[in-house]
Each structure stands twice: as C-alpha cells, then as structure tokens.
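What follows is the content of final_7.cif, which has mmCIF, C-alpha atoms and all ligand atoms:
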```cif
data_my_file
#
loop_
_atom_site.label_atom_id
_atom_site.label_comp_id
_atom_site.auth_asym_id
_atom_site.auth_seq_id
_atom_site.Cartn_x
_atom_site.Cartn_y
_atom_site.Cartn_z
CA MET Z 24 -48.91 -20.26 17.33
CA GLU Z 25 -50.83 -23.54 17.39
CA ASN Z 26 -53.93 -21.37 17.12
CA ARG Z 27 -53.66 -19.73 13.72
CA SER Z 28 -55.66 -16.64 14.60
CA VAL Z 29 -53.87 -15.57 17.74
CA PHE Z 30 -52.32 -12.53 16.11
CA ARG Z 31 -53.92 -9.25 16.97
CA ARG Z 32 -55.67 -7.75 13.98
CA TRP Z 33 -53.68 -4.58 14.46
CA LEU Z 34 -54.03 -3.47 10.86
CA ASP Z 35 -57.84 -3.79 10.94
CA ALA Z 36 -57.78 -1.71 14.13
CA MET Z 37 -56.14 1.14 12.18
CA GLN Z 38 -59.28 1.39 10.00
CA LEU Z 39 -57.39 2.85 7.09
CA GLY Z 40 -60.06 1.99 4.53
CA HIS Z 41 -57.35 1.16 2.00
CA PRO Z 42 -54.25 -1.08 1.93
CA LEU Z 43 -51.49 -0.02 4.30
CA THR Z 44 -49.18 2.14 2.22
CA ILE Z 45 -45.52 2.35 3.17
CA ALA Z 46 -43.05 4.43 1.19
CA GLY Z 47 -39.64 5.99 1.65
CA PRO Z 48 -36.05 5.68 0.54
CA CYS Z 49 -34.03 2.50 0.52
CA SER Z 50 -31.58 4.29 2.80
CA ALA Z 51 -31.56 7.40 4.93
CA GLU Z 52 -28.64 9.36 3.44
CA THR Z 53 -28.81 12.95 4.68
CA GLU Z 54 -31.20 14.94 6.84
CA GLU Z 55 -32.35 16.96 3.78
CA GLN Z 56 -32.96 13.87 1.64
CA VAL Z 57 -35.00 12.23 4.42
CA LEU Z 58 -37.08 15.33 5.22
CA GLU Z 59 -37.66 16.38 1.63
CA THR Z 60 -38.72 12.86 0.64
CA ALA Z 61 -41.03 12.54 3.64
CA HIS Z 62 -42.74 15.89 3.01
CA ALA Z 63 -43.24 15.01 -0.65
CA LEU Z 64 -44.84 11.71 0.34
CA THR Z 65 -47.59 13.33 2.37
CA GLY Z 66 -51.01 14.27 0.99
CA GLY Z 67 -51.89 10.82 -0.36
CA ARG Z 68 -52.39 7.39 1.14
CA VAL Z 69 -48.89 6.94 2.58
CA THR Z 70 -49.01 6.61 6.36
CA VAL Z 71 -45.69 4.90 7.09
CA PHE Z 72 -42.22 6.19 6.15
CA ARG Z 73 -39.58 3.52 5.56
CA ALA Z 74 -35.86 4.24 5.59
CA GLY Z 75 -32.88 1.92 5.98
CA VAL Z 76 -30.54 3.14 8.69
CA TRP Z 77 -28.23 0.11 8.86
CA LYS Z 78 -27.97 -1.52 5.44
CA PRO Z 79 -27.15 -5.21 4.93
CA ARG Z 80 -25.01 -5.32 1.78
CA THR Z 81 -24.04 -8.37 -0.19
CA ARG Z 82 -20.40 -7.28 -0.56
CA PRO Z 83 -18.33 -5.22 1.90
CA GLY Z 84 -17.21 -1.77 0.83
CA ASN Z 85 -20.64 -0.67 -0.39
CA PHE Z 86 -22.60 2.01 1.46
CA GLU Z 87 -23.69 0.39 4.73
CA GLY Z 88 -26.09 3.03 5.98
CA VAL Z 89 -25.42 6.18 7.98
CA GLY Z 90 -26.39 4.43 11.21
CA GLU Z 91 -27.65 5.95 14.42
CA GLN Z 92 -27.27 9.55 13.29
CA ALA Z 93 -30.36 9.08 11.06
CA LEU Z 94 -32.64 8.37 14.02
CA PRO Z 95 -33.17 12.03 15.02
CA TRP Z 96 -34.03 12.77 11.35
CA LEU Z 97 -36.81 10.18 11.59
CA VAL Z 98 -38.05 11.74 14.81
CA ARG Z 99 -38.35 14.97 12.81
CA VAL Z 100 -40.25 13.13 10.05
CA LYS Z 101 -42.83 11.97 12.57
CA LYS Z 102 -43.15 15.42 14.12
CA GLU Z 103 -43.36 17.39 10.89
CA THR Z 104 -45.35 15.04 8.64
CA GLY Z 105 -47.16 12.60 10.95
CA LEU Z 106 -45.77 9.69 8.94
CA GLU Z 107 -44.78 6.76 11.16
CA PRO Z 108 -41.06 5.92 10.83
CA PHE Z 109 -40.24 2.31 9.96
CA ILE Z 110 -36.68 0.95 10.04
CA GLU Z 111 -34.80 -2.33 9.67
CA VAL Z 112 -33.16 -3.96 12.67
CA ALA Z 113 -30.68 -6.80 12.41
CA ASN Z 114 -29.45 -7.17 15.99
CA ALA Z 115 -30.19 -6.24 19.61
CA LYS Z 116 -28.11 -3.05 19.42
CA HIS Z 117 -30.26 -1.76 16.56
CA VAL Z 118 -33.41 -2.50 18.55
CA ASP Z 119 -32.09 -0.65 21.62
CA LYS Z 120 -31.18 2.43 19.55
CA ALA Z 121 -34.58 2.43 17.81
CA LEU Z 122 -36.35 2.23 21.17
CA LYS Z 123 -34.24 5.08 22.53
CA PHE Z 124 -35.60 7.29 19.75
CA GLY Z 125 -39.20 6.14 20.16
CA ILE Z 126 -39.40 4.29 16.82
CA LYS Z 127 -42.46 2.03 17.00
CA MET Z 128 -42.30 0.11 13.74
CA LEU Z 129 -39.42 -2.22 12.88
CA TRP Z 130 -38.77 -4.74 10.17
CA VAL Z 131 -36.54 -7.77 10.09
CA GLY Z 132 -34.75 -7.95 6.72
CA ALA Z 133 -34.59 -10.91 4.36
CA ARG Z 134 -31.01 -11.82 5.22
CA THR Z 135 -31.77 -11.65 8.94
CA SER Z 136 -35.02 -13.64 8.86
CA ALA Z 137 -32.99 -16.47 7.31
CA ASN Z 138 -30.87 -16.61 10.47
CA PRO Z 139 -32.61 -18.01 13.58
CA PHE Z 140 -29.81 -16.81 15.93
CA ALA Z 141 -30.23 -13.21 14.78
CA VAL Z 142 -34.04 -13.36 14.91
CA GLN Z 143 -33.91 -14.79 18.44
CA GLU Z 144 -31.56 -11.99 19.52
CA ILE Z 145 -33.98 -9.40 18.14
CA ALA Z 146 -36.93 -11.16 19.79
CA GLU Z 147 -35.16 -11.06 23.18
CA ALA Z 148 -34.42 -7.35 22.79
CA LEU Z 149 -38.12 -6.76 22.09
CA ARG Z 150 -39.47 -9.05 24.81
CA GLY Z 151 -42.72 -7.78 26.27
CA LEU Z 152 -42.90 -4.55 24.25
CA ARG Z 153 -46.51 -5.11 23.24
CA ASP Z 154 -47.02 -1.79 21.47
CA MET Z 155 -44.32 -2.35 18.89
CA ILE Z 156 -45.22 -3.35 15.33
CA VAL Z 157 -42.75 -5.81 13.83
CA MET Z 158 -42.77 -6.97 10.22
CA VAL Z 159 -40.79 -9.98 9.11
CA LYS Z 160 -39.57 -10.09 5.52
CA ASN Z 161 -39.48 -13.46 3.82
CA PRO Z 162 -36.03 -15.06 4.10
CA VAL Z 163 -33.86 -14.76 0.97
CA ASN Z 164 -34.19 -18.50 0.39
CA PRO Z 165 -37.59 -19.94 -0.52
CA ASP Z 166 -38.26 -21.67 2.80
CA LEU Z 167 -41.76 -21.20 4.21
CA ASP Z 168 -40.94 -22.91 7.51
CA LEU Z 169 -37.99 -20.61 8.12
CA TRP Z 170 -40.27 -17.59 7.52
CA ILE Z 171 -42.94 -18.91 9.89
CA GLY Z 172 -40.23 -19.80 12.41
CA ALA Z 173 -38.98 -16.21 12.42
CA VAL Z 174 -42.53 -14.92 12.98
CA ASP Z 175 -42.99 -17.45 15.79
CA ARG Z 176 -39.81 -16.28 17.56
CA ILE Z 177 -41.04 -12.68 17.56
CA TYR Z 178 -44.53 -13.77 18.63
CA ARG Z 179 -43.18 -15.83 21.54
CA ALA Z 180 -41.39 -12.73 22.82
CA GLY Z 181 -44.83 -11.22 23.43
CA ILE Z 182 -45.18 -9.15 20.26
CA GLU Z 183 -48.69 -9.48 18.85
CA ASN Z 184 -48.60 -6.75 16.23
CA ILE Z 185 -46.81 -8.74 13.59
CA GLY Z 186 -46.93 -8.41 9.83
CA VAL Z 187 -44.95 -10.02 7.04
CA ILE Z 188 -43.41 -8.58 3.90
CA HIS Z 189 -43.11 -10.51 0.67
CA ARG Z 190 -39.95 -9.26 -1.07
CA GLY Z 191 -39.23 -12.20 -3.36
CA PHE Z 192 -36.57 -14.91 -3.26
CA SER Z 193 -33.00 -15.17 -4.55
CA VAL Z 194 -32.60 -17.53 -7.45
CA TYR Z 195 -29.46 -18.55 -9.21
CA GLN Z 196 -31.00 -18.78 -12.68
CA LYS Z 197 -31.45 -15.78 -14.93
CA SER Z 198 -34.78 -14.10 -14.20
CA PRO Z 199 -36.56 -10.88 -15.12
CA TYR Z 200 -36.81 -10.16 -11.39
CA ARG Z 201 -34.14 -9.19 -8.92
CA ASN Z 202 -35.90 -11.54 -6.49
CA LYS Z 203 -38.40 -14.02 -7.90
CA PRO Z 204 -41.91 -13.63 -6.45
CA LYS Z 205 -42.68 -17.37 -6.10
CA TRP Z 206 -46.27 -16.46 -5.20
CA GLN Z 207 -47.14 -19.93 -3.92
CA ILE Z 208 -44.95 -19.38 -0.83
CA PRO Z 209 -46.70 -16.21 0.47
CA LEU Z 210 -50.06 -17.73 -0.49
CA ASN Z 211 -49.30 -20.77 1.64
CA PHE Z 212 -48.24 -18.45 4.44
CA LYS Z 213 -51.58 -16.65 4.17
CA ARG Z 214 -53.42 -19.96 4.25
CA LEU Z 215 -51.59 -21.11 7.39
CA LEU Z 216 -51.59 -17.78 9.26
CA PRO Z 217 -54.51 -15.78 7.85
CA SER Z 218 -54.55 -13.16 10.59
CA VAL Z 219 -51.01 -11.92 9.87
CA PRO Z 220 -51.12 -8.97 7.43
CA MET Z 221 -49.17 -9.61 4.23
CA ILE Z 222 -47.44 -6.62 2.62
CA ILE Z 223 -45.91 -6.64 -0.86
CA ASP Z 224 -42.49 -5.09 -1.51
CA PRO Z 225 -42.46 -4.81 -5.31
CA SER Z 226 -39.29 -2.69 -5.28
CA HIS Z 227 -37.07 -5.54 -4.10
CA ILE Z 228 -38.91 -8.10 -6.22
CA CYS Z 229 -38.47 -6.07 -9.42
CA GLY Z 230 -35.10 -4.40 -8.89
CA ARG Z 231 -36.25 -1.88 -11.50
CA ARG Z 232 -38.97 0.74 -11.75
CA ASP Z 233 -41.05 -0.49 -14.66
CA CYS Z 234 -42.60 -3.54 -13.03
CA ILE Z 235 -43.46 -2.09 -9.61
CA PHE Z 236 -47.07 -1.34 -10.52
CA ASP Z 237 -47.79 -4.78 -11.99
CA ILE Z 238 -46.42 -6.65 -8.98
CA ALA Z 239 -48.29 -4.41 -6.55
CA GLN Z 240 -51.54 -4.88 -8.51
CA MET Z 241 -51.03 -8.63 -8.60
CA ALA Z 242 -50.65 -8.61 -4.81
CA LEU Z 243 -53.92 -6.71 -4.43
CA GLU Z 244 -55.61 -9.31 -6.63
CA LEU Z 245 -54.33 -11.86 -4.12
CA GLN Z 246 -55.84 -9.98 -1.18
CA TYR Z 247 -52.60 -8.62 0.27
CA ASP Z 248 -53.01 -6.05 3.03
CA GLY Z 249 -50.52 -3.43 1.97
CA VAL Z 250 -47.65 -2.24 -0.19
CA MET Z 251 -44.16 -0.99 0.57
CA ILE Z 252 -42.43 0.90 -2.23
CA GLU Z 253 -39.04 2.59 -2.22
CA SER Z 254 -39.20 6.28 -3.01
CA HIS Z 255 -36.42 8.89 -3.06
CA ILE Z 256 -36.52 12.59 -3.80
CA HIS Z 257 -33.71 12.08 -6.38
CA PRO Z 258 -33.81 8.34 -7.23
CA ASP Z 259 -30.97 8.37 -9.76
CA ALA Z 260 -28.63 9.81 -7.17
CA ALA Z 261 -29.60 7.32 -4.44
CA TRP Z 262 -26.72 5.75 -2.52
CA SER Z 263 -28.35 2.29 -2.64
CA ASP Z 264 -30.89 0.59 -4.95
CA ALA Z 265 -31.03 3.60 -7.30
CA LYS Z 266 -32.53 1.60 -10.19
CA GLN Z 267 -35.65 0.56 -8.29
CA GLN Z 268 -36.53 3.79 -6.47
CA VAL Z 269 -39.18 6.19 -7.78
CA THR Z 270 -39.83 9.86 -7.11
CA PRO Z 271 -42.64 10.69 -4.65
CA GLU Z 272 -44.61 11.97 -7.64
CA VAL Z 273 -44.39 8.63 -9.44
CA LEU Z 274 -45.16 6.89 -6.18
CA HIS Z 275 -48.38 8.85 -5.72
CA ASP Z 276 -49.33 8.01 -9.30
CA ILE Z 277 -48.69 4.27 -8.77
CA ILE Z 278 -50.79 4.26 -5.59
CA ARG Z 279 -53.62 6.14 -7.31
CA ARG Z 280 -53.71 3.68 -10.21
CA LEU Z 281 -53.78 0.57 -8.04
CA ILE Z 282 -57.20 -1.03 -7.94
CA VAL Z 283 -58.24 -2.56 -4.65
CA LYS Z 284 -60.28 -5.70 -5.30
CA LYS Z 285 -63.26 -6.88 -3.27
CA PRO Z 286 -62.69 -10.18 -1.45
CA GLN Z 287 -65.92 -11.61 -2.89
CA ALA Z 288 -68.44 -10.90 -5.62
CA GLU Z 289 -71.51 -9.17 -4.22
CA GLU Z 290 -74.30 -9.82 -6.70
CA ASP Z 291 -75.88 -13.26 -6.73
CA ARG Z 292 -75.69 -13.73 -10.48
CA LEU Z 293 -72.02 -12.88 -10.52
CA LYS Z 294 -71.50 -15.32 -7.67
CA GLN Z 295 -73.28 -18.04 -9.64
CA ASP Z 296 -71.18 -17.40 -12.72
CA LEU Z 297 -68.02 -17.52 -10.67
CA ASN Z 298 -69.08 -20.74 -8.96
CA GLU Z 299 -69.78 -22.35 -12.29
CA LEU Z 300 -66.41 -21.34 -13.67
CA ARG Z 301 -64.76 -22.58 -10.49
CA ARG Z 302 -66.47 -25.95 -10.83
CA HIS Z 303 -65.13 -26.08 -14.35
CA ILE Z 304 -61.64 -25.38 -13.06
CA ASP Z 305 -61.98 -28.10 -10.41
CA ILE Z 306 -62.87 -30.60 -13.12
CA ILE Z 307 -59.93 -29.55 -15.28
CA ASP Z 308 -57.60 -29.80 -12.26
CA GLU Z 309 -58.80 -33.30 -11.57
CA GLN Z 310 -58.14 -34.26 -15.17
CA ILE Z 311 -54.66 -32.78 -15.00
CA LEU Z 312 -53.90 -34.82 -11.88
CA GLU Z 313 -55.27 -37.99 -13.46
CA LEU Z 314 -53.04 -37.43 -16.47
CA PHE Z 315 -50.04 -36.87 -14.20
CA ALA Z 316 -50.81 -40.15 -12.42
CA GLU Z 317 -51.02 -41.84 -15.83
CA ARG Z 318 -47.71 -40.27 -16.90
CA MET Z 319 -46.01 -41.52 -13.76
CA LYS Z 320 -47.24 -45.07 -14.39
CA VAL Z 321 -45.51 -45.02 -17.78
CA VAL Z 322 -42.47 -43.41 -16.20
CA ARG Z 323 -42.24 -46.27 -13.69
CA LEU Z 324 -42.32 -48.81 -16.52
CA ILE Z 325 -39.40 -47.00 -18.12
CA GLY Z 326 -37.65 -47.07 -14.74
CA HIS Z 327 -38.05 -50.80 -14.70
CA ILE Z 328 -36.48 -51.20 -18.12
CA LYS Z 329 -33.60 -48.90 -17.17
CA LYS Z 330 -32.97 -51.06 -14.12
CA GLN Z 331 -32.95 -54.27 -16.12
CA GLN Z 332 -30.54 -52.75 -18.63
CA ASN Z 333 -28.44 -51.15 -15.87
CA ILE Z 334 -28.60 -47.70 -17.50
CA SER Z 335 -28.67 -44.41 -15.62
CA LEU Z 336 -31.86 -42.55 -14.75
CA LEU Z 337 -30.83 -39.26 -16.26
CA GLN Z 338 -30.97 -39.20 -20.05
CA PRO Z 339 -30.21 -35.54 -20.90
CA GLY Z 340 -30.74 -35.93 -24.66
CA ARG Z 341 -34.28 -37.23 -24.22
CA TRP Z 342 -35.05 -34.54 -21.66
CA GLU Z 343 -33.88 -31.79 -24.04
CA VAL Z 344 -36.45 -33.00 -26.58
CA VAL Z 345 -39.30 -33.06 -24.04
CA PHE Z 346 -38.40 -29.59 -22.84
CA LYS Z 347 -38.13 -28.14 -26.34
CA ARG Z 348 -41.52 -29.55 -27.33
CA ALA Z 349 -43.12 -28.06 -24.23
CA VAL Z 350 -41.64 -24.62 -24.93
CA GLU Z 351 -42.86 -24.73 -28.54
CA PHE Z 352 -46.32 -25.78 -27.38
CA ALA Z 353 -46.34 -22.89 -24.89
CA ALA Z 354 -45.56 -20.37 -27.63
CA ARG Z 355 -48.46 -21.62 -29.75
CA ASN Z 356 -50.98 -21.77 -26.91
CA GLY Z 357 -50.62 -18.55 -24.97
CA LEU Z 358 -48.60 -20.01 -22.11
CA SER Z 359 -45.45 -18.31 -20.93
CA GLU Z 360 -42.12 -19.98 -21.55
CA GLU Z 361 -41.20 -19.52 -17.92
CA PHE Z 362 -44.34 -21.34 -16.79
CA VAL Z 363 -43.77 -24.46 -18.89
CA LYS Z 364 -40.08 -24.50 -18.04
CA THR Z 365 -40.85 -24.41 -14.33
CA LEU Z 366 -43.65 -26.95 -14.72
CA PHE Z 367 -41.53 -29.38 -16.69
CA SER Z 368 -38.59 -29.06 -14.29
CA VAL Z 369 -40.90 -30.21 -11.50
CA ILE Z 370 -42.36 -32.99 -13.66
CA HIS Z 371 -38.86 -34.12 -14.58
CA GLU Z 372 -37.74 -34.21 -10.96
CA GLU Z 373 -40.81 -36.19 -9.89
CA SER Z 374 -40.32 -38.59 -12.81
CA LEU Z 375 -36.72 -39.25 -11.75
CA MET Z 376 -37.87 -39.86 -8.17
CA GLN Z 377 -40.58 -42.26 -9.32
CA GLN Z 378 -38.07 -44.17 -11.44
CA LYS Z 379 -35.63 -44.30 -8.56
CA LYS Z 380 -38.29 -45.74 -6.28
CA ASN Z 381 -38.79 -48.33 -8.93
CA GLY Z 382 -35.18 -49.35 -8.54
CA ALA Z 383 -33.40 -47.82 -11.56
CA LYS Z 384 -29.74 -46.97 -11.15
CA GLU Z 385 -28.91 -43.29 -10.37
C1 LIG Z 401 -34.72 -2.99 2.25
O1 LIG Z 401 -35.95 -3.05 2.38
O2 LIG Z 401 -34.10 -1.96 2.06
C2 LIG Z 401 -33.93 -4.23 2.27
C3 LIG Z 401 -32.65 -4.26 2.58
O3 LIG Z 401 -34.65 -5.26 1.88
P1 LIG Z 401 -34.39 -6.84 1.90
O4 LIG Z 401 -34.10 -7.23 3.31
O5 LIG Z 401 -35.71 -7.33 1.41
O6 LIG Z 401 -33.28 -7.13 0.93
MN MN Z 402 -33.48 -1.29 -0.90
#
```

Rewritten as structure tokens:
Amino acid sequence: MENRSVFRRWLDAMQLGHPLTIAGPCSAETEEQVLETAHALTGGRVTVFRAGVWKPRTRPGNFEGVGEQALPWLVRVKKETGLEPFIEVANAKHVDKALKFGIKMLWVGARTSANPFAVQEIAEALRGLRDMIVMVKNPVNPDLDLWIGAVDRIYRAGIENIGVIHRGFSVYQKSPYRNKPKWQIPLNFKRLLPSVPMIIDPSHICGRRDCIFDIAQMALELQYDGVMIESHIHPDAAWSDAKQQVTPEVLHDIIRRLIVKKPQAEEDRLKQDLNELRRHIDIIDEQILELFAERMKVVRLIGHIKKQQNISLLQPGRWEVVFKRAVEFAARNGLSEEFVKTLFSVIHEESLMQQKKNGAKE
C-alpha cells in the first residue's frame, strides 16, 4: 500500500455514469420480504442489493439474522432482478458460505473492522480471490489508522477491488446522529488513498429517516463515489433498524433528488471566481492560525503563573465562562452550537497541553 494508487479502479470500470447505488434491507428476514423488496428496487439507479444475513447486535437476545438460509434467497434476487447481492461477513465461516452461493460482493462491518484478528481471518479466507469486491466499513471508533489497517489486510490477501463505507462513529455524548459523521476522518482517508471508492451509508449515520437525504447529498458534495441506503418493503415492521429504513418508493425519490456535483468548475470565469474566493479563504485561515498561536502564547504565560502559585491546570469555573461566551457568539453569528462546542473543546485541550509543557501542575 506504499503506493497510494495501487487499487484497481474497479468502480470506474463499471462505467455506471452515476454514483454506485446500493439499497436493500438491514436484514434478510423472509424469502418474500427479500424478493418483494428487491423487485421494488429495480427500475432506477440501484444496481447492488444489500441484506444482512448474520447481524452483529450490541446486546444478545436481539434478532441476530436468519443466517445461511437467506443465501438461496439472494441467489434468486440476482437471477430475477439482476441486482448484485451484497452481504456482511464477520468471520471465515461467513466467507466460505458466501462463496458457496456465488456471492461476489462482501462488506466488513464496523464492529469487525475495529478488530484486526477478525479482519485478518476474513482476509485469509479470501486470499487470492481477485474477482471479489470487498468493502470495509469504518471502525466504530474514530481511528483512521485502524480503518486503513483493515483495508491493507484485505489488500495484502490479493483483493484489489476494495471500497470503503463511511457509516459514522460511535460517540458517548448526546448527538442528533446515531453515529456521528466526523467528516474529517473519511476526507483524510480519501486524501491518503484516493483510488479507493468511498461510499456513504447515511442510514447508519442518521439512525432515522428524515436526515438520510441531507447526509447523502453532503457526501456527493464531497465527491463520494456512491451511496448505500437501507430499504425495506415494510420498514415499520422490520426486525432490525426499523426507524432508519425507507420504502423502495421513498428510496427511489431520494436517489432522484440527489444532485451529483462536478469535480471542478468548467467555465473559466467561474474558475477565476472560485480561485479568488479560495485565496480569500487561505488568507483567513492564516489569520486564524496566527491568532491561535497568539492565544497559546498567552496561555503559556498563564501556565507559568499557575506553576509559580502551585495551582492546578484545570479551572472548570473559568472554562464554563469561555464556553458560554462562545456559544452565545455562535448564536448571534450564524455558527452552529455544535461547531463552537467542538472547536472550543479542542482549543481547551491544546491550551491545557501547552500549559503542562510549560510546567504547571496537573
Ligand atoms: C449494517 O449495514 O447493517 C450494519 C450492521 O452496519 P454497521 O456495521 O455499520 O453497524
Ligand atoms: Mn442496519
């Protein structure tokens, strides 16, 4: 993987002319549910049919997937609709069963990609099967290296058709998302490995139906290569993730409304305008960084005084005031509360580190 562009551009080779569109239920439940959903998903841009066969659940006792018996249903999907079946594998046994039924597209789930032992086991079971397409979901924890490591394990087993799926990250704090997008992580992935297609999974990011479109559109603005959305013939009656699944009809509507953005502006004048605005942004960014450097100088002076006085670094009362002022400023200036809160948490952490370096007591 030293060479960043070693991955085969398998998605380009498909020449779809639009983002790869994957849809299907969270879980395969019954043969009727699978077939009815698949048939209803045809006729638009969907080319890949997802369905969970073995389900990783947070707590035992929940529905854990119908298992192997769903595989012949997916063979029927391929035969009757032409949609390519796509399932999750979490161990070597799953891979062997999928291969036995001729399934060509597999994904590694977010709980599995966080576990190098499990990913290695899957990689070994796939060794040398060059025709397979394997997509690696981001690990549940926001760790870019772990995500790249999982991709590398699959790649080293001889799989070149690799894609990744951004499904958001678990966070402990309250959040409007089931899994926070943390866009900077997939964007860094794209920067480091630009030839690996990046697919958005807005269903697992949102955990509810009403934000699926916005997250998918945001991903297209960021030049993602495809979308994967959970769709069920009767979403409310789904055996898993009922709240975030949409009917095939709604799915078609979401896909139709999504606007695919051009990577670059075509007309010269537009390009010039954009360049000018970008230069402006570069200047503002530089000013922001200069101000941060200035802030940290002052912070270090405070650290010095704290050290002399032998008082602790953390002064929660003071921090509350800073935080509150920032949130009030955000409200008056069209910034989101979440943005300033995140920003100031990072600033606070860096300030503490700078003070510590300066020798203040912890
Ligand atoms: C899924 O796609 O159904 C799934 C289990 O997703 P994740 O691994 O992202 O939680
Ligand atoms: Mn699901």

(request) Step by step, measure atom-to-atom distances between ligand MN 402 (chain Z) and each residue using all atoms listed in the file, keep those at most 12 Å, then write them as a PyMOL selection string. (result) chain Z and resi 46-51+73-81+86-88+110-111+132-133+190+201-202+224-231+251-255+258+261-269

(request) Quick one: pull the distance between atom CA of Ala146 of chain Z and atom CA of Val194 of chain Z, Å, one decimal. (result) 28.3 Å

If you take every atom of ligand LIG 401 (chain Z) that the file lists and fit an axis-aligned box around them with 5 Å extra on each side, what centre and edge lengths come out in Å to one decimal, as AutoDock Vina command-line options?
```
--center_x -34.3 --center_y -4.6 --center_z 2.1 --size_x 13.3 --size_y 15.4 --size_z 12.4
```

(request) Find the residues around Pro271 of chain Z up to 7 Å (only C-alpha atoms counted), leave out those fewer than 2 positions away in its own chain, and share them as JSON, numbers by chain. (result) {"Z": [60, 63, 64, 254, 255, 256, 269, 273, 274, 275]}

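Picture a line from atom CA of Phe192 of chain Z to atom CA of Pro165 of chain Z; it runs 5.8 Å.
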
Tell me which protein, DNA and RNA residues are within 10 Å of Thr70 of chain Z, counting all atoms listed in the file, leaving out same-chain ones fewer than 2 positions away, and put them as a compact mmCIF listing (two decimals) with C-alpha atoms, in the frame of the given file.
```
# COMPACT_ATOMS: atom_id res chain seq x y z
CA LEU Z 39 -57.39 2.85 7.09
CA LEU Z 43 -51.49 -0.02 4.30
CA THR Z 44 -49.18 2.14 2.22
CA ILE Z 45 -45.52 2.35 3.17
CA ALA Z 46 -43.05 4.43 1.19
CA LEU Z 64 -44.84 11.71 0.34
CA THR Z 65 -47.59 13.33 2.37
CA GLY Z 66 -51.01 14.27 0.99
CA GLY Z 67 -51.89 10.82 -0.36
CA ARG Z 68 -52.39 7.39 1.14
CA PHE Z 72 -42.22 6.19 6.15
CA ARG Z 73 -39.58 3.52 5.56
CA THR Z 104 -45.35 15.04 8.64
CA GLY Z 105 -47.16 12.60 10.95
CA LEU Z 106 -45.77 9.69 8.94
CA GLU Z 107 -44.78 6.76 11.16
CA PRO Z 108 -41.06 5.92 10.83
```

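For the residues Z:Arg150, Z:Arg232, Z:Arg355, Z:Lys160, ranking by smallest atom-to-atom distance to ligand LIG 401 (chain Z) using only C-alpha atoms and all ligand atoms places Z:Lys160 first.
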
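Protein, DNA and RNA residues at most 12 Å from (-36.8, 4.0, 21.7), with only C-alpha atoms, are these: Glu91, Leu94, Pro95, Leu97, Val98, Pro108, Lys116, His117, Val118, Asp119, Lys120, Ala121, Leu122, Lys123, Phe124, Gly125, Ile126, Lys127, Met128, Leu129, Ala148, Leu149, Leu152, Asp154 and Met155 of chain Z.
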
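In this comparison, which uses all atoms listed in the file, the residue of Z:Lys330, Z:Asp175, Z:Val112, Z:Lys320 approaching ligand LIG 401 (chain Z) most closely is Z:Val112.
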